[in-house]
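run_10.txt follows (compact mmCIF, C-alpha atoms and all ligand atoms):
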# COMPACT_ATOMS: atom_id res chain seq x y z
CA MET O 239 -40.95 -23.74 26.17
CA GLN O 240 -40.46 -27.24 27.63
CA GLU O 241 -36.94 -28.29 28.66
CA GLN O 242 -36.78 -31.01 26.01
CA GLU O 243 -37.84 -28.56 23.31
CA ILE O 244 -35.10 -26.12 24.40
CA ILE O 245 -32.52 -28.89 24.24
CA GLN O 246 -33.70 -30.08 20.81
CA GLN O 247 -33.48 -26.56 19.42
CA THR O 248 -30.01 -26.16 20.90
CA ILE O 249 -28.84 -29.44 19.33
CA ALA O 250 -30.10 -28.25 15.92
CA PHE O 251 -28.33 -24.88 16.33
CA VAL O 252 -25.01 -26.44 17.38
CA LYS O 253 -25.05 -29.07 14.60
CA GLN O 254 -25.67 -26.37 12.03
CA THR O 255 -23.04 -24.00 13.46
CA LEU O 256 -20.34 -26.68 13.71
CA ALA O 257 -20.87 -28.12 10.22
CA GLY O 258 -17.35 -28.33 8.79
CA ALA O 259 -15.55 -27.88 12.13
CA GLU O 260 -12.19 -29.65 12.58
CA ALA O 261 -12.33 -33.23 13.89
CA GLY O 262 -11.24 -32.51 17.48
CA HIS O 263 -14.13 -30.17 18.15
CA ASP O 264 -16.82 -31.27 15.73
CA TRP O 265 -20.46 -32.13 16.52
CA PHE O 266 -19.48 -35.64 17.62
CA HIS O 267 -17.16 -34.19 20.29
CA ILE O 268 -20.09 -32.08 21.52
CA GLU O 269 -22.43 -35.08 21.46
CA ARG O 270 -19.98 -37.19 23.50
CA VAL O 271 -19.47 -34.39 26.05
CA TYR O 272 -23.25 -33.90 26.30
CA LYS O 273 -23.91 -37.63 26.85
CA THR O 274 -21.03 -37.93 29.31
CA ALA O 275 -22.26 -34.87 31.21
CA LEU O 276 -25.71 -36.49 31.52
CA THR O 277 -24.11 -39.74 32.75
CA ILE O 278 -22.17 -37.82 35.40
CA ASN O 279 -25.19 -35.74 36.32
CA ALA O 280 -27.36 -38.80 36.92
CA SER O 281 -25.59 -39.05 40.28
CA GLU O 282 -24.46 -35.43 40.74
CA LYS O 283 -27.94 -33.96 40.39
CA ALA O 284 -26.83 -30.52 39.26
CA ASP O 285 -29.36 -28.51 37.23
CA ASN O 286 -30.09 -30.60 34.15
CA LEU O 287 -30.98 -27.73 31.79
CA ILE O 288 -27.86 -25.71 32.65
CA VAL O 289 -25.64 -28.80 32.27
CA SER O 290 -27.23 -29.66 28.92
CA LEU O 291 -27.02 -26.14 27.49
CA ALA O 292 -23.42 -25.65 28.65
CA ALA O 293 -22.27 -29.03 27.30
CA LEU O 294 -23.93 -28.37 23.94
CA LEU O 295 -22.70 -24.77 23.60
CA HIS O 296 -19.21 -25.02 25.18
CA ASP O 297 -17.22 -25.14 21.91
CA ILE O 298 -19.58 -23.08 19.74
CA ALA O 299 -16.76 -20.69 18.76
CA ASP O 300 -13.14 -21.63 19.36
CA SER O 301 -11.04 -18.61 20.41
CA LYS O 302 -8.07 -20.27 18.63
CA PHE O 303 -9.77 -19.48 15.34
CA ASN O 304 -10.99 -16.05 16.46
CA ASN O 305 -7.76 -14.21 17.26
CA GLY O 306 -7.78 -15.52 20.81
CA ASP O 307 -11.03 -13.71 21.61
CA GLU O 308 -12.42 -15.60 24.63
CA THR O 309 -15.69 -13.67 24.63
CA ILE O 310 -16.95 -14.78 21.23
CA GLY O 311 -18.18 -18.21 22.41
CA PRO O 312 -20.20 -16.85 25.34
CA ARG O 313 -21.53 -14.07 23.09
CA ILE O 314 -22.79 -16.38 20.33
CA ALA O 315 -24.24 -18.76 22.93
CA GLY O 316 -25.91 -15.81 24.69
CA GLU O 317 -27.50 -14.51 21.52
CA PHE O 318 -28.85 -17.96 20.74
CA MET O 319 -30.28 -18.45 24.24
CA GLN O 320 -31.87 -15.01 24.09
CA SER O 321 -33.58 -16.03 20.85
CA LEU O 322 -35.21 -18.84 22.86
CA ASN O 323 -36.30 -16.31 25.53
CA LEU O 324 -34.51 -18.16 28.32
CA ALA O 325 -34.32 -16.53 31.76
CA PRO O 326 -31.38 -14.11 32.16
CA GLU O 327 -29.96 -16.10 35.11
CA ILE O 328 -29.85 -19.26 32.99
CA ILE O 329 -28.17 -17.42 30.11
CA GLU O 330 -25.60 -15.84 32.40
CA HIS O 331 -24.76 -19.09 34.15
CA VAL O 332 -24.21 -20.95 30.87
CA GLN O 333 -22.04 -18.08 29.58
CA GLN O 334 -19.91 -18.21 32.74
CA ILE O 335 -19.38 -21.94 32.29
CA ILE O 336 -18.29 -21.52 28.65
CA LEU O 337 -15.90 -18.70 29.58
CA ASN O 338 -14.43 -20.77 32.41
CA MET O 339 -13.79 -23.80 30.26
CA SER O 340 -11.69 -21.75 27.85
CA TYR O 341 -7.95 -21.37 27.66
CA LYS O 342 -7.58 -18.16 29.69
CA ALA O 343 -9.72 -19.67 32.43
CA SER O 344 -7.23 -22.53 32.71
CA LEU O 345 -4.57 -19.88 33.37
CA GLY O 346 -6.57 -18.70 36.34
CA THR O 347 -7.97 -15.35 35.20
CA VAL O 348 -11.61 -16.34 35.74
CA THR O 349 -12.89 -17.30 39.16
CA PHE O 350 -16.44 -18.56 38.64
CA HIS O 351 -17.42 -21.83 40.31
CA SER O 352 -20.59 -23.91 40.14
CA HIS O 353 -21.65 -27.52 40.43
CA GLU O 354 -22.88 -27.43 36.81
CA LEU O 355 -19.45 -26.17 35.65
CA GLU O 356 -17.76 -29.11 37.39
CA VAL O 357 -20.02 -31.61 35.65
CA VAL O 358 -19.47 -30.19 32.16
CA GLN O 359 -15.73 -29.61 32.64
CA ASP O 360 -15.25 -33.19 33.83
CA ALA O 361 -17.16 -34.44 30.77
CA ASP O 362 -15.01 -32.33 28.43
CA ARG O 363 -11.78 -33.57 30.04
CA LEU O 364 -12.99 -37.18 29.86
CA ASP O 365 -13.21 -36.84 26.07
CA ALA O 366 -9.43 -36.21 25.98
CA ILE O 367 -8.58 -39.53 27.68
CA GLY O 368 -9.36 -43.23 27.21
CA ALA O 369 -9.91 -44.82 23.80
CA ILE O 370 -11.38 -41.65 22.33
CA GLY O 371 -8.60 -39.54 23.83
CA ILE O 372 -5.97 -41.78 22.23
CA ALA O 373 -7.72 -41.48 18.85
CA ARG O 374 -7.94 -37.70 19.19
CA ALA O 375 -4.27 -37.40 20.14
CA PHE O 376 -3.06 -39.38 17.11
CA THR O 377 -5.45 -37.49 14.84
CA TYR O 378 -3.95 -34.24 16.10
CA GLY O 379 -0.41 -35.61 15.77
CA GLY O 380 -1.07 -36.74 12.20
CA PHE O 381 -2.52 -33.37 11.30
CA LYS O 382 0.65 -31.74 12.68
CA ASN O 383 2.86 -34.30 10.91
CA ARG O 384 4.26 -35.61 14.22
CA VAL O 385 5.99 -38.97 14.57
CA LEU O 386 4.22 -41.52 16.80
CA TYR O 387 7.15 -41.91 19.16
CA ASP O 388 10.87 -41.19 19.35
CA PRO O 389 12.77 -42.70 22.30
CA ALA O 390 15.40 -39.93 22.00
CA ILE O 391 12.96 -37.08 22.72
CA PRO O 392 12.20 -36.64 26.45
CA PHE O 393 8.76 -36.00 27.97
CA VAL O 394 8.08 -32.59 29.47
CA GLU O 395 5.46 -32.56 32.23
CA ASN O 396 3.31 -29.53 33.00
CA MET O 397 4.05 -27.75 29.75
CA SER O 398 1.76 -24.79 29.02
CA LYS O 399 -1.04 -25.34 26.56
CA GLU O 400 0.51 -22.92 24.05
CA ALA O 401 3.84 -24.67 24.38
CA TYR O 402 2.26 -28.06 23.44
CA LYS O 403 0.97 -26.59 20.26
CA ASN O 404 4.38 -25.26 19.28
CA THR O 405 6.47 -28.32 20.02
CA THR O 406 7.21 -30.96 17.46
CA ALA O 407 7.30 -33.64 20.14
CA PRO O 408 6.05 -37.12 19.23
CA THR O 409 2.40 -37.83 19.96
CA ILE O 410 3.30 -40.33 22.71
CA ASN O 411 4.82 -37.43 24.65
CA HIS O 412 1.38 -35.81 24.84
CA PHE O 413 0.24 -38.66 27.10
CA TYR O 414 2.83 -37.69 29.72
CA GLU O 415 2.50 -33.96 29.20
CA LYS O 416 -1.27 -33.82 29.47
CA LEU O 417 -3.44 -36.90 29.10
CA LEU O 418 -2.15 -38.82 32.14
CA LEU O 419 -2.48 -35.69 34.29
CA LEU O 420 -6.20 -35.15 33.64
CA LYS O 421 -7.44 -37.86 36.02
CA ASP O 422 -6.33 -35.80 39.02
CA LEU O 423 -8.18 -32.70 37.79
CA MET O 424 -11.62 -34.34 37.96
CA LYS O 425 -14.06 -32.68 40.36
CA THR O 426 -17.12 -34.96 40.54
CA ALA O 427 -17.28 -38.48 42.02
CA ALA O 428 -18.70 -40.01 38.83
CA GLY O 429 -16.13 -38.13 36.73
CA LYS O 430 -13.30 -39.41 38.90
CA ALA O 431 -14.49 -43.02 38.56
CA MET O 432 -14.80 -42.76 34.77
CA ALA O 433 -11.42 -41.03 34.52
CA GLN O 434 -9.76 -43.79 36.54
CA GLN O 435 -11.04 -46.44 34.09
CA ARG O 436 -9.93 -44.45 31.05
CA HIS O 437 -6.58 -43.68 32.71
CA ASP O 438 -5.92 -47.38 33.35
CA PHE O 439 -6.87 -48.13 29.73
CA MET O 440 -4.24 -45.61 28.56
CA LEU O 441 -1.59 -47.15 30.82
CA ASN O 442 -2.35 -50.59 29.36
CA TYR O 443 -2.23 -49.10 25.90
CA LEU O 444 1.21 -47.54 26.52
CA ASP O 445 2.49 -50.79 27.95
CA GLN O 446 1.44 -52.67 24.83
CA PHE O 447 2.76 -49.85 22.60
CA TYR O 448 6.30 -50.15 24.04
CA LYS O 449 6.24 -53.94 23.80
CA GLU O 450 5.33 -53.75 20.13
CA TRP O 451 7.89 -50.97 19.61
CA ASP O 452 10.55 -53.39 20.83
CA GLY O 453 9.29 -56.17 18.59
CA LYS O 454 7.84 -58.15 21.48
CA SER O 455 4.36 -59.43 22.25
P1 LIG O 501 -9.40 -28.79 24.39
O1 LIG O 501 -10.68 -28.99 23.68
O2 LIG O 501 -9.30 -29.65 25.61
O3 LIG O 501 -9.06 -27.35 24.62
P2 LIG O 501 -7.20 -28.98 22.48
O4 LIG O 501 -7.71 -28.05 21.45
O5 LIG O 501 -5.97 -28.62 23.24
O6 LIG O 501 -8.33 -29.42 23.48
O7 LIG O 501 -6.97 -30.39 21.83
C1 LIG O 501 -7.95 -31.10 21.13
C2 LIG O 501 -7.54 -32.56 21.10
O8 LIG O 501 -6.24 -32.69 20.54
C3 LIG O 501 -7.45 -33.17 22.51
O9 LIG O 501 -7.94 -34.50 22.50
C4 LIG O 501 -5.98 -33.11 22.81
O10 LIG O 501 -5.55 -34.14 23.68
C5 LIG O 501 -5.35 -33.28 21.46
N1 LIG O 501 -4.05 -32.59 21.45
C6 LIG O 501 -3.79 -31.31 21.77
N2 LIG O 501 -2.46 -31.05 21.71
C7 LIG O 501 -1.88 -32.21 21.33
C8 LIG O 501 -0.53 -32.63 21.08
N3 LIG O 501 0.52 -31.81 21.22
N4 LIG O 501 -0.32 -33.90 20.69
C9 LIG O 501 -1.35 -34.76 20.56
N5 LIG O 501 -2.63 -34.45 20.78
C10 LIG O 501 -2.91 -33.19 21.15
NI NI O 502 -14.69 -29.46 24.30
Is it possible to give me this structure as structure tokens?
Ligand code: ADP
Ligand code: NI
Amino acid sequence: MQEQEIIQQTIAFVKQTLAGAEAGHDWFHIERVYKTALTINASEKADNLIVSLAALLHDIADSKFNNGDETIGPRIAGEFMQSLNLAPEIIEHVQQIILNMSYKASLGTVTFHSHELEVVQDADRLDAIGAIGIARAFTYGGFKNRVLYDPAIPFVENMSKEAYKNTTAPTINHFYEKLLLLKDLMKTAAGKAMAQQRHDFMLNYLDQFYKEWDGKS
């Protein structure tokens, strides 16, 4: 099967599987991560098929909604790739990337590294910052019934991912606890450059936010 045909079939599978997914990880999130990964890879020159498959399949099953089972995403992705008769080394590589991008991996229990992983992980992190990142944060905050901002509630940096989910902190706090820290986690040169732009956009946004909060500007 030609590479483009493989990618088209994967897009169809992911769209169908994610129909009805929550807004943070719906098909449009996947599409943005896929496009961003291709933008990054135009200069990184990692393997295009691996990058495409991993970007498209990285959120196919969220462990949050599967009793914390980190293996379900790689398993579903693996079964799909097997149905396309892809080479075992391709299937395994894509599964490793998906496993590594998950929550447990961020705690350091998985130690796989590859150039393709860096490209896709940068693309996924880029979707949490900039204009889209701001929109996603306030969508999440609204869903959780959070206030936009409360000057009396302090920011906590480097909070664990589980802790974020359990706080009732205002959405603005999330910028300081996570979003403004992502720029320094980028691995690829193109990812770093894009992250810097989106980071600066968020800083400008926060500046304007506080001015308006104080009835100025
Ligand atoms: P990821 O796909 O990176 O694992 P999450 O499931 O943690 O992301 O979050 C999905 C989206 O919701 C991201 O854009 C993230 O910034 C946002 N989000 C997560 N936690 C919070 C929070 N406490 N406040 C505001 N936004 C949040
Ligand atoms: Ni994602």
**Request:** Using all atoms listed in the file, determine which residues lie at most 12 Å from Asp264 in chain O, disregarding the query and same-chain residues fewer than 2 positions distant; provide the list as a PyMOL selection string.
**Result:** chain O and resi 252-262+266-271+294-300+374
Pairwise distance, atom C8 of ligand LIG 501 (chain O) with CA of Leu419 in chain O, equals 13.7 Å
At a cut-off of 12 Å, using only C-alpha atoms, what residues contact Leu291 in chain O? Leave out same-chain residues fewer than 2 positions from it and give the result as a PyMOL selection string.
chain O and resi 241-249+251-252+268-269+271-273+275-276+285-289+293-298+312+315-316+318-319+322+324+328-336+354-355+358
Correct to one decimal, the distance CA of Gly379 in chain O-atom C9 of ligand LIG 501 (chain O) is 5.0 Å
Residue nearest ligand NI 502 (chain O) among O:Ala250, O:Met239, O:Ile278, O:Ala361 (counting all atoms listed in the file):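 The answer is O:Ala361, which sits nearest to ligand NI 502 (chain O).
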With 9 Å as the cut-off and all atoms listed in the file counted, what is the closest atom pair between each nearby residue of chain O and ligand LIG 501 (chain O)? Distances in Å to one decimal, ordered by chain and number, as JSON lines.
{"residue": "O:Ala261", "atom": "CA", "partner": "O:LIG501", "partner_atom": "C2", "distance": 8.7}
{"residue": "O:Gly262", "atom": "CA", "partner": "O:LIG501", "partner_atom": "C1", "distance": 5.1}
{"residue": "O:His263", "atom": "CA", "partner": "O:LIG501", "partner_atom": "O1", "distance": 6.6}
{"residue": "O:His267", "atom": "CA", "partner": "O:LIG501", "partner_atom": "O1", "distance": 9.0}
{"residue": "O:Asp297", "atom": "CA", "partner": "O:LIG501", "partner_atom": "O1", "distance": 7.8}
{"residue": "O:Asp300", "atom": "CA", "partner": "O:LIG501", "partner_atom": "O4", "distance": 8.7}
{"residue": "O:Lys302", "atom": "CA", "partner": "O:LIG501", "partner_atom": "O4", "distance": 8.3}
{"residue": "O:Met339", "atom": "CA", "partner": "O:LIG501", "partner_atom": "O3", "distance": 8.2}
{"residue": "O:Ser340", "atom": "CA", "partner": "O:LIG501", "partner_atom": "O3", "distance": 7.0}
{"residue": "O:Tyr341", "atom": "CA", "partner": "O:LIG501", "partner_atom": "O3", "distance": 6.8}
{"residue": "O:Asp362", "atom": "CA", "partner": "O:LIG501", "partner_atom": "O2", "distance": 6.9}
{"residue": "O:Arg363", "atom": "CA", "partner": "O:LIG501", "partner_atom": "O2", "distance": 6.4}
{"residue": "O:Asp365", "atom": "CA", "partner": "O:LIG501", "partner_atom": "O9", "distance": 6.8}
{"residue": "O:Ala366", "atom": "CA", "partner": "O:LIG501", "partner_atom": "O9", "distance": 4.2}
{"residue": "O:Ile367", "atom": "CA", "partner": "O:LIG501", "partner_atom": "O9", "distance": 7.2}
{"residue": "O:Ile370", "atom": "CA", "partner": "O:LIG501", "partner_atom": "O9", "distance": 7.9}
{"residue": "O:Gly371", "atom": "CA", "partner": "O:LIG501", "partner_atom": "O9", "distance": 5.3}
{"residue": "O:Ile372", "atom": "CA", "partner": "O:LIG501", "partner_atom": "O9", "distance": 7.5}
{"residue": "O:Ala373", "atom": "CA", "partner": "O:LIG501", "partner_atom": "O9", "distance": 7.9}
{"residue": "O:Arg374", "atom": "CA", "partner": "O:LIG501", "partner_atom": "O9", "distance": 4.6}
{"residue": "O:Ala375", "atom": "CA", "partner": "O:LIG501", "partner_atom": "N5", "distance": 3.4}
{"residue": "O:Phe376", "atom": "CA", "partner": "O:LIG501", "partner_atom": "C9", "distance": 6.0}
{"residue": "O:Thr377", "atom": "CA", "partner": "O:LIG501", "partner_atom": "N5", "distance": 7.2}
{"residue": "O:Tyr378", "atom": "CA", "partner": "O:LIG501", "partner_atom": "N5", "distance": 4.9}
{"residue": "O:Gly379", "atom": "CA", "partner": "O:LIG501", "partner_atom": "C9", "distance": 5.0}
{"residue": "O:Gly380", "atom": "CA", "partner": "O:LIG501", "partner_atom": "C9", "distance": 8.6}
{"residue": "O:Lys382", "atom": "CA", "partner": "O:LIG501", "partner_atom": "N4", "distance": 8.4}
{"residue": "O:Arg384", "atom": "CA", "partner": "O:LIG501", "partner_atom": "N4", "distance": 8.1}
{"residue": "O:Lys399", "atom": "CA", "partner": "O:LIG501", "partner_atom": "O5", "distance": 6.8}
{"residue": "O:Glu400", "atom": "CA", "partner": "O:LIG501", "partner_atom": "O5", "distance": 8.7}
{"residue": "O:Ala401", "atom": "CA", "partner": "O:LIG501", "partner_atom": "N3", "distance": 8.5}
{"residue": "O:Tyr402", "atom": "CA", "partner": "O:LIG501", "partner_atom": "N3", "distance": 4.7}
{"residue": "O:Lys403", "atom": "CA", "partner": "O:LIG501", "partner_atom": "N3", "distance": 5.3}
{"residue": "O:Asn404", "atom": "CA", "partner": "O:LIG501", "partner_atom": "N3", "distance": 7.8}
{"residue": "O:Thr405", "atom": "CA", "partner": "O:LIG501", "partner_atom": "N3", "distance": 7.0}
{"residue": "O:Thr406", "atom": "CA", "partner": "O:LIG501", "partner_atom": "N3", "distance": 7.7}
{"residue": "O:Ala407", "atom": "CA", "partner": "O:LIG501", "partner_atom": "N3", "distance": 7.1}
{"residue": "O:Pro408", "atom": "CA", "partner": "O:LIG501", "partner_atom": "N4", "distance": 7.3}
{"residue": "O:Thr409", "atom": "CA", "partner": "O:LIG501", "partner_atom": "N4", "distance": 4.8}
{"residue": "O:Ile410", "atom": "CA", "partner": "O:LIG501", "partner_atom": "C9", "distance": 7.6}
{"residue": "O:Asn411", "atom": "CA", "partner": "O:LIG501", "partner_atom": "N4", "distance": 7.4}
{"residue": "O:His412", "atom": "CA", "partner": "O:LIG501", "partner_atom": "N4", "distance": 4.9}
{"residue": "O:Phe413", "atom": "CA", "partner": "O:LIG501", "partner_atom": "C9", "distance": 7.8}
{"residue": "O:Glu415", "atom": "CA", "partner": "O:LIG501", "partner_atom": "N3", "distance": 8.5}
{"residue": "O:Lys416", "atom": "CA", "partner": "O:LIG501", "partner_atom": "O10", "distance": 7.2}
{"residue": "O:Leu417", "atom": "CA", "partner": "O:LIG501", "partner_atom": "O10", "distance": 6.4}
re CA of Thr309 in chain O and atom NI of ligand NI 502 (chain O): distance 15.8 Å
(Q) Here is a test: counting all atoms listed in the file, which residue of O:Asp360, O:His353, O:Ser290, O:Glu317 is nearest to ligand NI 502 (chain O)? (A)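 Closest to ligand NI 502 (chain O) of all the choices is O:Asp360.
Point (-10.2, -31.3, 37.2) has the following residues at most 9 Å away: Glu356, Gln359, Asp360, Arg363, Leu420, Lys421, Asp422, Leu423, Met424, Lys425, Thr426 and Lys430 of chain O (atoms considered: only C-alpha atoms).
Residue nearest ligand NI 502 (chain O), chosen from O:Gln320, O:Leu364, O:Met440, O:Ala280 and counting only C-alpha atoms and all ligand atoms: O:Leu364.
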If you count all atoms listed in the file, the residue of O:Ala427, O:Asn338, O:Gln240, O:Arg436 closest to ligand NI 502 (chain O) turns out to be O:Asn338
Leaving out range 446-454 of chain O and any residue of its chain fewer than 2 positions from it, which residues lie within 12 Å of it when counting all atoms listed in the file, given as number ranges by chain?
O: 372, 386-389, 410, 439-444
(message) Restricting the calculation to all atoms listed in the file: of O:Ala292, O:Ala428, O:Ile310, O:Ala433, which residue gets closest to ligand NI 502 (chain O)?
(response)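 Looking only at the distances to ligand NI 502 (chain O), the closest residue turns out to be O:Ala292.
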